[in-house]
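Below you'll find the structure, written out as structure tokens, and then a few comments.
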Amino acid sequence: MNWDRIEGNWKQFKGNVKEQWGKLTDDQLDVIAGKRDNLAGKIQATYGLSKDEAEKQLADWQKRMKG
């Protein structure tokens, strides 16, 4: 799925993000507001991942999203 659609429908996708990365808080997800770079950074920081690993997880998640 194209990221513009995810960002445009962020409220719908927040639940899916929460399922995948449960340590992220609702407040963090509200601040992220569908911005891919912000989400990647929060995943990286919250889970102690490298930037490459956070990007890989995010790309894999994005591929699984249907819309």
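Please note that chains go A, B, ... in the order of the structure tokens, that every chain numbers its residues from 1, and that ligands are numbered from 1 in the order shown.
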Write out as a short mmCIF file (atom, residue, chain, number, x, y, z; two decimals) with N, CA and C atoms, in the first residue's frame the residues lying within 7 Å of region 55-66 of chain A, counting only C-alpha atoms and excluding same-chain residues fewer than 4 positions away.
data_model
loop_
_atom_site.label_atom_id
_atom_site.label_comp_id
_atom_site.auth_asym_id
_atom_site.auth_seq_id
_atom_site.Cartn_x
_atom_site.Cartn_y
_atom_site.Cartn_z
N MET A 1 0.84 -1.18 0.00
CA MET A 1 0.00 0.00 0.00
C MET A 1 0.88 1.23 0.00
N ALA A 40 9.11 5.53 11.92
CA ALA A 40 10.36 4.75 11.89
C ALA A 40 11.27 5.16 13.07
N LYS A 51 18.54 1.78 12.58
CA LYS A 51 17.67 2.46 11.62
C LYS A 51 17.27 1.50 10.51
#
As an NGL selection string, please: the residues near region 5-10 of chain A (cut-off 7 Å, only C-alpha atoms, same-chain neighbours under 2 positions excluded).
:A and (2-3 or 12-14 or 33-35)
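Considering the residues A:Ala54, A:Asp4, A:Leu49, A:Ile43 and counting only C-alpha atoms, Leu24 (chain A) has its shortest atom-to-atom contact with A:Ile43.
Between CA of Trp21 (chain A) and CA of Gln44 (chain A) lies a distance of 10.7 Å.
Reported to one decimal place, the separation of CA of Asp52 (chain A) from CA of Asp27 (chain A) is 24.6 Å.
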Figure out the distance between CA of Gln28 (chain A) and CA of Gly15 (chain A), please, to one decimal in Å.
12.7 Å
Output as JSON, numbers by chain all residues of chain A that backbone DSSP marks as helix (DSSP H, G or I).
{"A": [3, 4, 5, 6, 7, 8, 10, 11, 12, 13, 14, 15, 16, 17, 18, 19, 20, 26, 27, 28, 29, 30, 31, 32, 36, 37, 38, 39, 40, 41, 42, 43, 44, 45, 46, 47, 51, 52, 53, 54, 55, 56, 57, 58, 59, 60, 61, 62, 63, 64]}
